[in-house]
Every structure is written in C-alpha cells, then in structure tokens.
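One structure is given below, encoded as structure tokens.
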Amino acid sequence: MNQFTRREFIKQMGFVLPLSLLSGALTACRSNTASTTSHLETTALSNQKTAAARVREFQLSAAITPVDLGTGQFKAWVYNGLPVGPEIRVTEGEILRVVLTNNLPEPTTIHWHGVPVPNAMDGVPDMPLPPVQPGETFTYEFAARPAGVYWYHPHLGYQLDQGLVGPLIIESKQAAGNYDREYTLVLDDWATIDGGGPAATERRPVGMMGGGMMGGESRSPTANEPLTEPVYHAFTVNGQVAEAASPFIIKQGERIHLRVINAAAATTFGLRLAGHALTITHADGRPVEPLTVDVLRMGMGERYDVEFMADNSGRWSLYAMLADLPAPIDLATFLYAGVVSTQKNGDSLSSNLLWNSYDRLTGLPEEAFPSVASTQPDQTFDLILSGGMMSPAWTINDKIYPDTDDLVIELGQRIRLNYFNHSPMPHPMHLHGHFFEVAGSPGLRKDTVIVEAHMGQLSIEFVADNPGHWMHHCHHLYHMEAGMMNVVQIS
Ligand code: C2O
Ligand code: CU
C-alpha cells in the first residue's frame with residue numbers, strides 16, 4: 001500500500017524527465033520502499049540489543065536548472081533538477097545523512113526546518129559552520145526525531161524563493177496512521193523568470209503590502225533598499241500548476257491523509273478542497289485533537305497533516321483563497337477513480353466557512369514534550385514586530401537584523417516570548433532548534449506561528465534545551481531579509 005502510494009506520488013509530481021534528472025527522486029523512492037521494511041529490521045536489531053541506529057543517506061545537488069511548472073521553461077535554483085526537491089523520508093530514530101553538492105554560483109546551506117538538530121547541523125551560515133562554497137560538498141548528519149512533517153531549504157539570501165525547497169518526512173516508529181492513502185503537498189509561489197524571486201521583475205510597492213494601501217502614497221522600492229516580494233506568476237503544488245499537473249487519484253471509501261507544507265516565500269494560503277471538509281491531525285508535525293475545518297489557513301513555513309473521507313465522488317479542485325487576490329487560485333485536482341467527466345464539480349460553500357485558528361487547536365500529550373504551560377517562565381521577552389509602512393524595512397523592537405538584540409538565555413531556562421504586531425501584515429514567526437507551546441492553545445506545539453496583522457498579539461513558551469545560537473525570524477523571506485530576525489543564544 002505504502003509502496004504503491006509513493007510510486008504514485010512520484011507520478012503525481014508529473015515529471016517526464018530523463019532518468020538522470022530523476023535520480024534524486026528515485027533515490028528517495030527506493031529508500032522509501034526500504035523504509036517500509038525497516039520497522040521489522042529495527043525490531044530485529046533491538047531484540048539483539050544492537051544499539052547502532054540505521055543510517056539513511058541521500059544525495060542533494062543544488063544547481064541552476066531549467067524547469068517547467070507548466071507555464072513555460074525558465075532557469076530556477078533547485079535541488080536535483082526538480083522544481084521541488086526529492087522527498088526525504090526516514091523513520092524516527094534513524095540517522096539521516098544528506099550529502100549536499102553545491103553546483104550553484106554562490107555559497108549555500110540546508111536548514112532542516114522544524115527539526116531540533118544540533119546547532120552545527122542547522123544550516124545557518126557561520127552559526128557556527130561556514131556555508132558550503134560553490135563546487136564543495138558537505139555532509140549533514142543528525143538523528144531523525146521527532147516524527148513529523150518538515151522541509152528543507154537554504155538559509156542564505158533569497159535562495160528559498162529561487163526554487164530551493166523540499167519535503168522531509170520523519171515517520172513514526174509506531175504503527176502507521178489509520179488511513180488508506182497519503183500524499184505530500186508542497187505549496188510554493190514563483191516568479192517564473194530566470195533566477196526567480198530576486199531577479200528583475202514586478203514587485204509589490206512599498207506601503208501597499210498585504211493588498212491594501214497603508215496610508216499615504218505607495219511607491220517602488222529604491223535600488224539600495226531591501227527587495228519587496230515579487231508579484232508572483234505561478235502557485236504550485238509539488239512544482240506544477242493545476243492546469244499542468246496530473247490529478248491526485250483517490251477512491252471512494254478511502255481515508256486520505258495529506259501532509260501539506262507551505263514552502264512559499266511570501267504567500268499565506270487559505271486552502272479549500274471543494275466538496276470536502278479537512279480534519280487537522282497534526283500541526284507542524286505534532287499531533288493535535290482532530291479539528292475539522294472548511295478552509296485551512298497556512299503561513300509560510302507551517303505544516304499541517306489533514307485527513308478526509310473520500311465520500312463525495314467527482315473531480316474536485318484544491319484551491320486557495322489568498323489575502324490579496326479577489327478570486328481563488330486553482331492549485332490541484334483530486335479525482336475519484338472511475339470518474340470520466342472532465343468537468344470539475346462546483347463547490348457548494350456555506351456562508352459560514354470554518355477556518356482553523358490556534359485557539360481551536362489542542363495538542364495531544366507526547367512523552368518527548370513535558371508540558372511547560374503550568375510553570376512560570378524564567379525570562380520573558382516582549383517583541384514588537386513592525387515595518388511595512390513608509391519603508392520596506394521590517395523590524396523587531398525597532399531594530400533591523402543584525403542590529404536586533406540577541407535573546408540571551410541559560411540552557412534549561414523556560415522562556416516566554418510575547419509578540420505584538422504593530423504592522424499591517426501577518427508574520428509567521430519561526431524559532432530554530434526547538435518546538436514551543438502556543439499560549440492559549442492547551443498543549444499546542446509548533447515551530448512556526450502566525451502573529452496576526454494590525455495589533456495582533458500572541459505568546460509562545462519553550463524550554464531552551466538545545467544549546468547554540470539559533471535564528472528566530474519571520475518566515476516571510478522578504479521580511480526576514482529586510483531585518484525581521486534576531487539570534488537566540490542558549491548556553
Ligand atoms: Cu524555515 Cu530560519 O527557517
Ligand atoms: Cu513578516
């Protein structure tokens with residue numbers, strides 16, 4: 001079953017490419033096949049009291065490669081020649097080893113978004129390791145845990161928005177989930193021009209970010225100001241626009257599990273699968289009490305696992321409502337096996353659509369995460385997020401990275417961050433090296449959390465149990481590059 005689904009996943013990605021280009025995907029695919037038997041192997045090994053964890057090795061090559069999302073060819077910065085890097089799938093407790101070869105004209109790194117890796121494997125330039133130079137190879141290696149849905153991307157410049165993203169799934173050691181079929185969906189936004197996001201293309205005017213005029217005149221950024229995000233040309237699932245992609249096939253009566261990753265640089269998606277409600281089972285890979293929603297809102301960097309019963313046969317659109325766009329965008333097609341109609345079914349929307357919100361999510365207890373909510377924090381930091389009005393700079397407590405204040409923390413301390421959003425845009429804030437709890441949402445653990453626009457307030461708490469210097473930033477790439485970032489020092 002698993003094997004079938006994954007092979008189909010590769011097919012779903014819809015690439016007709018020479019085998020050499022697919023080698024990365026095939027590596028992942030073959031390893032995945034092996035991973036379905038690894039439960040047995042692991043048991044056998046532990047029965048023999050052999051302590052050594054299994055090592056799983058993957059090869060990634062970053063290079064400028066022509067890609068076609070279904071809108072015409074252009075040169076993107078991608079892994080293994082694919083518009084979305086190959087899915088890396090391992091089992092919790094295995095050692096993940098990824099050999100990165102940098103064939104780009106610039107230094108690069110890989111950051112394993114969400115995985116609490118040791119500091120040296122976190123892929124942030126010079127924190128503490130230097131980036132991987134052009135022509136060089138670097139081997140990332142760390143224990144794959146905890147189970148969950150993650151993704152990987154560089155932590156340098158605008159490379160994430162040039163195409164360098166990929167999914168990382170750490171499967172649970174326990175029995176597989178109670179579903180019949182699963183798909184991984186990587187959402188992305190693209191400027192479909194050579195070089196991608198930072199290349200010369202139409203940009204959002206300063207003072208008009210988020211779709212509205214923010215008081216006064218809007219204007220174009222000047223040459224020595226940070227870039228604002230491009231006006232994107234394409235929105236993709238697994239590297240293909242809806243019109244070009246083959247549909248996700250499902251069968252009547254199946255329970256379908258989707259692992260959805262928002263790998264976009266600057267787009268918050270409101271996802272809707274026509275004809276179906278979606279039940280959230282995990283937020284950023286951590287299990288939650290099931291919550292059924294009509295629309296799934298996802299900030300940049302967030303992941304949600306959702307399930308639905310295939311009980312409404314037809315050809316259905318997965319589409320997105322975007323904050324700035326009047327009309328929804330078609331992202332993908334879900335097709336029930338046997339349906340011959342080429343027409344998509346119309347969605348029947350009630351006037352009262354239920355969206356997800358953090359205060360409706362409750363985390364399920366996990367052994368690895370003792371609750372922190374009941375005790376007092378050792379240190380509290382107030383962080384005012386602002387910017388976006390008169391200049392393209394984005395700030396934390398009125399400072400721009402690297403002039404922002406480091407948060408200096410002792411190892412083991414319980415920390416509270418209070419966010420205050422004084423800006424007209426939502427900010428998906430991300431902390432490296434840790435999961436945190438979202439205040440007001442019992443037991444909800446995440447690594448990326450949206451702080452809503454226009455005076456939005458939110459608090460998070462975490463135990464600083466992973467020593468090192470960690471980035472903490474808005475995952476809107478153009479906000480991060482324009483200053484909304486600081487360093488969390490834990491020692
Ligand atoms: Cu997804 Cu600092 O990163
Ligand atoms: Cu932001």
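Residues are referred to by chain and number: the chain letter is A, B, ... according to the order shown in the structure tokens, the number counts from 1 in that chain, and ligands are numbered separately from 1 in the order shown.
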- Message: Show me which residues line ligand 1, defined as having an atom within 8 Å of a ligand atom where only C-alpha atoms and all ligand atoms count, and present them as a list in words.
- Response: His111, Trp112, His113, Gly114, Val124, Trp151, Tyr152, His153, His155, Gly301, His430, Leu431, His432, Met471, His472, His473 and His475 of chain A
For the selection you just gave me, I'd like the residues written to a file as an mmCIF file, in the first residue's frame, keeping N, CA and C atoms.
```
data_model
loop_
_atom_site.group_PDB
_atom_site.id
_atom_site.type_symbol
_atom_site.label_atom_id
_atom_site.label_comp_id
_atom_site.auth_asym_id
_atom_site.auth_seq_id
_atom_site.Cartn_x
_atom_site.Cartn_y
_atom_site.Cartn_z
ATOM 1 N N HIS A 111 18.916 24.205 5.696
ATOM 2 C CA HIS A 111 18.294 24.274 7.018
ATOM 3 C C HIS A 111 17.150 23.265 7.043
ATOM 4 N N TRP A 112 17.081 22.476 8.118
ATOM 5 C CA TRP A 112 16.076 21.404 8.252
ATOM 6 C C TRP A 112 14.937 21.969 9.080
ATOM 7 N N HIS A 113 14.052 22.690 8.417
ATOM 8 C CA HIS A 113 13.046 23.493 9.103
ATOM 9 C C HIS A 113 12.214 22.645 10.067
ATOM 10 N N GLY A 114 12.307 22.984 11.351
ATOM 11 C CA GLY A 114 11.482 22.340 12.371
ATOM 12 C C GLY A 114 12.194 21.243 13.144
ATOM 13 N N VAL A 124 22.652 27.411 9.184
ATOM 14 C CA VAL A 124 22.659 28.877 9.169
ATOM 15 C C VAL A 124 24.122 29.320 9.010
ATOM 16 N N TRP A 151 10.539 20.367 6.352
ATOM 17 C CA TRP A 151 11.006 20.640 4.990
ATOM 18 C C TRP A 151 12.420 21.188 5.059
ATOM 19 N N TYR A 152 13.047 21.247 3.911
ATOM 20 C CA TYR A 152 14.421 21.744 3.886
ATOM 21 C C TYR A 152 14.563 22.872 2.872
ATOM 22 N N HIS A 153 15.451 23.810 3.190
ATOM 23 C CA HIS A 153 15.669 24.962 2.311
ATOM 24 C C HIS A 153 16.974 25.638 2.716
ATOM 25 N N HIS A 155 19.471 28.728 3.921
ATOM 26 C CA HIS A 155 19.271 29.841 4.843
ATOM 27 C C HIS A 155 20.194 30.971 4.436
ATOM 28 N N GLY A 301 6.106 28.388 6.043
ATOM 29 C CA GLY A 301 6.858 27.552 6.973
ATOM 30 C C GLY A 301 5.993 26.584 7.758
ATOM 31 N N HIS A 430 9.217 32.079 13.298
ATOM 32 C CA HIS A 430 9.817 30.737 13.365
ATOM 33 C C HIS A 430 11.044 30.755 14.263
ATOM 34 N N LEU A 431 11.100 29.781 15.171
ATOM 35 C CA LEU A 431 12.259 29.615 16.049
ATOM 36 C C LEU A 431 12.993 28.341 15.666
ATOM 37 N N HIS A 432 14.301 28.451 15.505
ATOM 38 C CA HIS A 432 15.108 27.275 15.176
ATOM 39 C C HIS A 432 15.413 26.429 16.414
ATOM 40 N N MET A 471 18.553 31.050 14.994
ATOM 41 C CA MET A 471 17.820 32.144 14.374
ATOM 42 C C MET A 471 16.363 32.107 14.833
ATOM 43 N N HIS A 472 15.792 33.292 14.875
ATOM 44 C CA HIS A 472 14.390 33.476 15.205
ATOM 45 C C HIS A 472 13.927 34.593 14.284
ATOM 46 N N HIS A 473 12.942 34.315 13.437
ATOM 47 C CA HIS A 473 12.632 35.303 12.389
ATOM 48 C C HIS A 473 11.243 35.103 11.812
ATOM 49 N N HIS A 475 9.034 34.180 8.732
ATOM 50 C CA HIS A 475 9.314 33.296 7.596
ATOM 51 C C HIS A 475 8.829 33.864 6.270
#
```
- Task: Around ligand 2, at most 12 Å away and counting only C-alpha atoms and all ligand atoms, which residues are there? Put them as an MDAnalysis selection string, please.
- Result: chainID A and resid 209:210 228:229 265:268 299:301 384:388 392:396 421:430 448:453 472:485
- Task: Would you list the contacts of region 284-288 of chain A as a PyMOL selection string, taking every protein, DNA or RNA residue within 7 Å and counting only C-alpha atoms, but skipping same-chain residues closer than 3 positions in sequence?
- Result: chain A and resi 148-149+281+302-304+361-364+445-447
- Task: Excluding region 85-100 of chain A and residues on its chain fewer than 3 positions from it, collect all residues at most 7 Å away from it, counting only C-alpha atoms, and give them as a ChimeraX atom specification.
- Result: /A:24-25,28,32,35,53-61,78-80,82,137-147,165-173
Residues near region 296-298 of chain A, cut-off 9 Å, only C-alpha atoms, skip fewer than 5 positions along chain, as a short mmCIF file (atom, residue, chain, number, x, y, z; two decimals) with all heavy atoms, in the first residue's frame:
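Generated output (around-v5.cif):
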```cif
data_model
loop_
_atom_site.label_atom_id
_atom_site.label_comp_id
_atom_site.auth_asym_id
_atom_site.auth_seq_id
_atom_site.Cartn_x
_atom_site.Cartn_y
_atom_site.Cartn_z
N ILE A 261 2.69 21.28 3.20
CA ILE A 261 3.83 22.10 3.61
C ILE A 261 3.73 23.44 2.87
O ILE A 261 3.68 23.46 1.64
CB ILE A 261 5.15 21.41 3.22
CG1 ILE A 261 5.25 20.04 3.90
CG2 ILE A 261 6.36 22.30 3.55
CD1 ILE A 261 6.38 19.16 3.36
N ASN A 262 3.70 24.55 3.59
CA ASN A 262 3.75 25.84 2.91
C ASN A 262 5.21 26.26 2.77
O ASN A 262 5.81 26.82 3.68
CB ASN A 262 2.95 26.91 3.66
CG ASN A 262 2.91 28.22 2.87
OD1 ASN A 262 3.60 28.35 1.84
ND2 ASN A 262 2.13 29.18 3.33
N THR A 267 3.68 33.80 0.61
CA THR A 267 2.25 33.61 0.38
C THR A 267 1.61 32.80 1.51
O THR A 267 2.05 31.69 1.81
CB THR A 267 2.02 32.88 -0.97
OG1 THR A 267 2.63 33.65 -2.01
CG2 THR A 267 0.53 32.73 -1.25
N THR A 268 0.59 33.37 2.12
CA THR A 268 -0.24 32.65 3.08
C THR A 268 -1.41 32.06 2.30
O THR A 268 -2.09 32.78 1.57
CB THR A 268 -0.75 33.62 4.16
OG1 THR A 268 0.38 34.17 4.84
CG2 THR A 268 -1.64 32.91 5.17
N PHE A 269 -1.61 30.76 2.41
CA PHE A 269 -2.67 30.10 1.66
C PHE A 269 -3.89 29.84 2.55
O PHE A 269 -3.74 29.41 3.69
CB PHE A 269 -2.19 28.75 1.12
CG PHE A 269 -1.13 28.84 0.05
CD1 PHE A 269 0.21 28.85 0.39
CD2 PHE A 269 -1.47 28.93 -1.29
CE1 PHE A 269 1.20 28.93 -0.59
CE2 PHE A 269 -0.49 29.02 -2.27
CZ PHE A 269 0.85 29.02 -1.92
N GLY A 270 -5.08 30.09 2.02
CA GLY A 270 -6.31 29.59 2.61
C GLY A 270 -6.77 28.45 1.72
O GLY A 270 -7.36 28.68 0.66
N LEU A 271 -6.49 27.22 2.12
CA LEU A 271 -6.69 26.06 1.25
C LEU A 271 -8.08 25.48 1.42
O LEU A 271 -8.54 25.25 2.53
CB LEU A 271 -5.73 24.94 1.65
CG LEU A 271 -4.32 24.89 1.11
CD1 LEU A 271 -3.71 23.56 1.51
CD2 LEU A 271 -4.31 25.07 -0.39
N ARG A 272 -8.69 25.18 0.30
CA ARG A 272 -10.03 24.61 0.32
C ARG A 272 -10.09 23.46 -0.68
O ARG A 272 -9.73 23.65 -1.84
CB ARG A 272 -11.03 25.71 -0.05
CG ARG A 272 -12.40 25.23 -0.46
CD ARG A 272 -13.28 24.90 0.72
NE ARG A 272 -14.53 24.26 0.27
CZ ARG A 272 -15.26 23.47 1.04
NH1 ARG A 272 -14.91 23.23 2.29
NH2 ARG A 272 -16.36 22.92 0.57
N LEU A 278 -11.79 19.25 5.81
CA LEU A 278 -10.49 18.65 6.14
C LEU A 278 -10.35 18.58 7.65
O LEU A 278 -10.64 19.55 8.35
CB LEU A 278 -9.35 19.49 5.55
CG LEU A 278 -9.35 19.66 4.03
CD1 LEU A 278 -8.31 20.69 3.60
CD2 LEU A 278 -9.10 18.33 3.33
N ILE A 280 -7.83 18.36 10.67
CA ILE A 280 -6.42 18.53 11.05
C ILE A 280 -6.05 17.46 12.08
O ILE A 280 -6.75 17.31 13.09
CB ILE A 280 -6.19 19.93 11.65
CG1 ILE A 280 -6.51 21.01 10.61
CG2 ILE A 280 -4.75 20.09 12.16
CD1 ILE A 280 -6.46 22.43 11.17
N ARG A 303 3.29 23.58 8.58
CA ARG A 303 2.83 22.31 8.01
C ARG A 303 1.59 21.85 8.76
O ARG A 303 1.49 22.03 9.96
CB ARG A 303 3.90 21.21 8.13
CG ARG A 303 5.14 21.43 7.27
CD ARG A 303 6.20 22.23 7.97
NE ARG A 303 6.72 21.57 9.15
CZ ARG A 303 7.14 22.19 10.25
NH1 ARG A 303 7.10 23.52 10.33
NH2 ARG A 303 7.62 21.51 11.27
N TYR A 304 0.66 21.29 8.01
CA TYR A 304 -0.49 20.63 8.61
C TYR A 304 -0.69 19.26 7.98
O TYR A 304 -0.58 19.12 6.76
CB TYR A 304 -1.77 21.46 8.44
CG TYR A 304 -1.87 22.65 9.37
CD1 TYR A 304 -1.56 23.93 8.93
CD2 TYR A 304 -2.24 22.47 10.70
CE1 TYR A 304 -1.63 25.01 9.80
CE2 TYR A 304 -2.33 23.55 11.56
CZ TYR A 304 -2.01 24.82 11.11
OH TYR A 304 -2.08 25.88 11.97
N MET A 321 -7.56 30.53 -1.35
CA MET A 321 -8.00 31.91 -1.23
C MET A 321 -6.80 32.66 -0.69
O MET A 321 -6.28 32.32 0.37
CB MET A 321 -9.18 32.00 -0.27
CG MET A 321 -10.24 30.95 -0.57
SD MET A 321 -11.63 31.11 0.57
CE MET A 321 -12.60 29.65 0.14
N LEU A 354 -15.75 27.48 8.19
CA LEU A 354 -14.92 27.36 9.38
C LEU A 354 -13.45 27.28 8.97
O LEU A 354 -13.05 26.41 8.19
CB LEU A 354 -15.31 26.10 10.17
CG LEU A 354 -14.55 25.95 11.48
CD1 LEU A 354 -14.90 27.07 12.45
CD2 LEU A 354 -14.84 24.58 12.12
N TRP A 355 -12.66 28.23 9.46
CA TRP A 355 -11.21 28.24 9.24
C TRP A 355 -10.52 27.75 10.51
O TRP A 355 -11.08 27.85 11.60
CB TRP A 355 -10.73 29.67 8.94
CG TRP A 355 -11.19 30.26 7.64
CD1 TRP A 355 -12.48 30.42 7.22
CD2 TRP A 355 -10.37 30.77 6.58
NE1 TRP A 355 -12.51 31.02 5.98
CE2 TRP A 355 -11.23 31.24 5.57
CE3 TRP A 355 -8.99 30.90 6.41
CZ2 TRP A 355 -10.76 31.82 4.38
CZ3 TRP A 355 -8.52 31.47 5.23
CH2 TRP A 355 -9.40 31.92 4.23
N ASN A 356 -9.31 27.25 10.36
CA ASN A 356 -8.54 26.88 11.54
C ASN A 356 -8.02 28.13 12.24
O ASN A 356 -7.75 29.15 11.61
CB ASN A 356 -7.35 25.98 11.15
CG ASN A 356 -6.47 26.61 10.07
OD1 ASN A 356 -6.98 27.07 9.06
ND2 ASN A 356 -5.18 26.66 10.30
N SER A 357 -7.92 28.04 13.55
CA SER A 357 -7.23 29.09 14.29
C SER A 357 -6.56 28.40 15.46
O SER A 357 -6.99 27.33 15.89
CB SER A 357 -8.21 30.17 14.77
OG SER A 357 -9.15 29.59 15.66
N ILE A 450 1.72 32.15 13.19
CA ILE A 450 1.35 33.43 12.59
C ILE A 450 0.96 34.42 13.68
O ILE A 450 0.10 34.13 14.51
CB ILE A 450 0.16 33.27 11.62
CG1 ILE A 450 0.50 32.30 10.49
CG2 ILE A 450 -0.28 34.62 11.07
CD1 ILE A 450 -0.69 32.01 9.56
#
```
- Item | Residue neighbourhood region 198-203 of chain A, 9 Å, only C-alpha atoms, exclusion window fewer than 3 positions, as a list of chain:residue names |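 Neighbouring residues, sequence-local ones excluded: A:Tyr158, A:Gln159, A:Asp161, A:Gln162, A:Ala191, A:Ile193, A:Asp194, A:Gly195, A:Val206, A:Ser220, A:Pro221, A:Leu227, A:Thr228, A:Glu229, A:Pro230, A:Val231, A:Tyr232.
What separates CA of Gln343 (chain A) from CA of Leu273 (chain A) is a distance of 15.6 Å.
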- Message: Give me, as a PyMOL selection string, the residues of region 235-341 of chain A that a backbone DSSP run labels strand (DSSP E).
- Response: chain A and resi 235-237+248-250+255-262+269-273+278-283+286-293+296-298+303-309+315-322+329-336
- Task: Per DSSP on the backbone, filter region 40-130 of chain A down to the residues in helix (DSSP H, G or I) and report them as a VMD selection string.
- Result: chain A and resid 40 to 47 119 to 121
For the selection just defined, write its residues with all heavy atoms to a file, as a PDB file, in the first residue's frame.
```
ATOM      1  N   LEU A  40      10.527  -3.665  10.692  1.00  0.00           N
ATOM      2  CA  LEU A  40      10.896  -5.029  11.054  1.00  0.00           C
ATOM      3  C   LEU A  40      12.376  -5.107  11.422  1.00  0.00           C
ATOM      4  O   LEU A  40      12.745  -5.646  12.449  1.00  0.00           O
ATOM      5  CB  LEU A  40      10.620  -5.967   9.879  1.00  0.00           C
ATOM      6  CG  LEU A  40       9.152  -6.286   9.651  1.00  0.00           C
ATOM      7  CD1 LEU A  40       8.971  -7.099   8.390  1.00  0.00           C
ATOM      8  CD2 LEU A  40       8.601  -7.034  10.863  1.00  0.00           C
ATOM      9  N   GLU A  41      13.191  -4.548  10.547  1.00  0.00           N
ATOM     10  CA  GLU A  41      14.633  -4.590  10.797  1.00  0.00           C
ATOM     11  C   GLU A  41      14.958  -3.989  12.147  1.00  0.00           C
ATOM     12  O   GLU A  41      15.729  -4.532  12.913  1.00  0.00           O
ATOM     13  CB  GLU A  41      15.391  -3.785   9.739  1.00  0.00           C
ATOM     14  CG  GLU A  41      15.439  -4.459   8.386  1.00  0.00           C
ATOM     15  CD  GLU A  41      15.993  -3.498   7.367  1.00  0.00           C
ATOM     16  OE1 GLU A  41      16.965  -2.816   7.705  1.00  0.00           O
ATOM     17  OE2 GLU A  41      15.449  -3.429   6.255  1.00  0.00           O
ATOM     18  N   THR A  42      14.360  -2.821  12.416  1.00  0.00           N
ATOM     19  CA  THR A  42      14.650  -2.129  13.665  1.00  0.00           C
ATOM     20  C   THR A  42      14.294  -3.015  14.855  1.00  0.00           C
ATOM     21  O   THR A  42      15.055  -3.141  15.792  1.00  0.00           O
ATOM     22  CB  THR A  42      13.852  -0.823  13.736  1.00  0.00           C
ATOM     23  OG1 THR A  42      14.023  -0.160  12.496  1.00  0.00           O
ATOM     24  CG2 THR A  42      14.349   0.063  14.841  1.00  0.00           C
ATOM     25  N   THR A  43      13.125  -3.659  14.778  1.00  0.00           N
ATOM     26  CA  THR A  43      12.714  -4.541  15.857  1.00  0.00           C
ATOM     27  C   THR A  43      13.729  -5.668  16.027  1.00  0.00           C
ATOM     28  O   THR A  43      14.192  -5.945  17.123  1.00  0.00           O
ATOM     29  CB  THR A  43      11.334  -5.158  15.549  1.00  0.00           C
ATOM     30  OG1 THR A  43      10.502  -4.117  15.086  1.00  0.00           O
ATOM     31  CG2 THR A  43      10.733  -5.791  16.777  1.00  0.00           C
ATOM     32  N   ALA A  44      14.090  -6.278  14.913  1.00  0.00           N
ATOM     33  CA  ALA A  44      15.031  -7.387  14.962  1.00  0.00           C
ATOM     34  C   ALA A  44      16.330  -6.935  15.624  1.00  0.00           C
ATOM     35  O   ALA A  44      16.863  -7.610  16.496  1.00  0.00           O
ATOM     36  CB  ALA A  44      15.311  -7.906  13.559  1.00  0.00           C
ATOM     37  N   LEU A  45      16.776  -5.751  15.213  1.00  0.00           N
ATOM     38  CA  LEU A  45      18.040  -5.262  15.749  1.00  0.00           C
ATOM     39  C   LEU A  45      17.949  -5.021  17.244  1.00  0.00           C
ATOM     40  O   LEU A  45      18.823  -5.410  17.998  1.00  0.00           O
ATOM     41  CB  LEU A  45      18.440  -3.965  15.038  1.00  0.00           C
ATOM     42  CG  LEU A  45      18.970  -4.153  13.619  1.00  0.00           C
ATOM     43  CD1 LEU A  45      19.219  -2.796  12.981  1.00  0.00           C
ATOM     44  CD2 LEU A  45      20.263  -4.964  13.636  1.00  0.00           C
ATOM     45  N   SER A  46      16.850  -4.375  17.676  1.00  0.00           N
ATOM     46  CA  SER A  46      16.798  -4.056  19.100  1.00  0.00           C
ATOM     47  C   SER A  46      16.634  -5.324  19.922  1.00  0.00           C
ATOM     48  O   SER A  46      17.084  -5.405  21.049  1.00  0.00           O
ATOM     49  CB  SER A  46      15.705  -3.036  19.402  1.00  0.00           C
ATOM     50  OG  SER A  46      14.502  -3.464  18.849  1.00  0.00           O
ATOM     51  N   ASN A  47      15.990  -6.320  19.318  1.00  0.00           N
ATOM     52  CA  ASN A  47      15.896  -7.598  20.035  1.00  0.00           C
ATOM     53  C   ASN A  47      17.270  -8.199  20.277  1.00  0.00           C
ATOM     54  O   ASN A  47      17.498  -8.883  21.260  1.00  0.00           O
ATOM     55  CB  ASN A  47      15.040  -8.595  19.260  1.00  0.00           C
ATOM     56  CG  ASN A  47      13.569  -8.251  19.394  1.00  0.00           C
ATOM     57  OD1 ASN A  47      13.206  -7.438  20.240  1.00  0.00           O
ATOM     58  ND2 ASN A  47      12.735  -8.839  18.565  1.00  0.00           N
ATOM     59  N   ASN A 119      23.219  22.279  16.851  1.00  0.00           N
ATOM     60  CA  ASN A 119      23.434  23.607  16.263  1.00  0.00           C
ATOM     61  C   ASN A 119      24.267  23.583  14.972  1.00  0.00           C
ATOM     62  O   ASN A 119      23.972  24.291  14.013  1.00  0.00           O
ATOM     63  CB  ASN A 119      24.092  24.510  17.308  1.00  0.00           C
ATOM     64  CG  ASN A 119      23.873  25.992  17.030  1.00  0.00           C
ATOM     65  OD1 ASN A 119      24.763  26.796  17.220  1.00  0.00           O
ATOM     66  ND2 ASN A 119      22.692  26.366  16.577  1.00  0.00           N
ATOM     67  N   ALA A 120      25.300  22.745  14.947  1.00  0.00           N
ATOM     68  CA  ALA A 120      26.203  22.747  13.790  1.00  0.00           C
ATOM     69  C   ALA A 120      25.536  22.218  12.520  1.00  0.00           C
ATOM     70  O   ALA A 120      26.009  22.468  11.414  1.00  0.00           O
ATOM     71  CB  ALA A 120      27.446  21.913  14.100  1.00  0.00           C
ATOM     72  N   MET A 121      24.423  21.494  12.664  1.00  0.00           N
ATOM     73  CA  MET A 121      23.735  20.918  11.502  1.00  0.00           C
ATOM     74  C   MET A 121      22.571  21.785  11.037  1.00  0.00           C
ATOM     75  O   MET A 121      21.799  21.395  10.168  1.00  0.00           O
ATOM     76  CB  MET A 121      23.218  19.507  11.861  1.00  0.00           C
ATOM     77  CG  MET A 121      24.327  18.504  12.047  1.00  0.00           C
ATOM     78  SD  MET A 121      25.213  18.233  10.485  1.00  0.00           S
ATOM     79  CE  MET A 121      26.905  18.548  10.977  1.00  0.00           C
TER      80      MET A 121
END
```
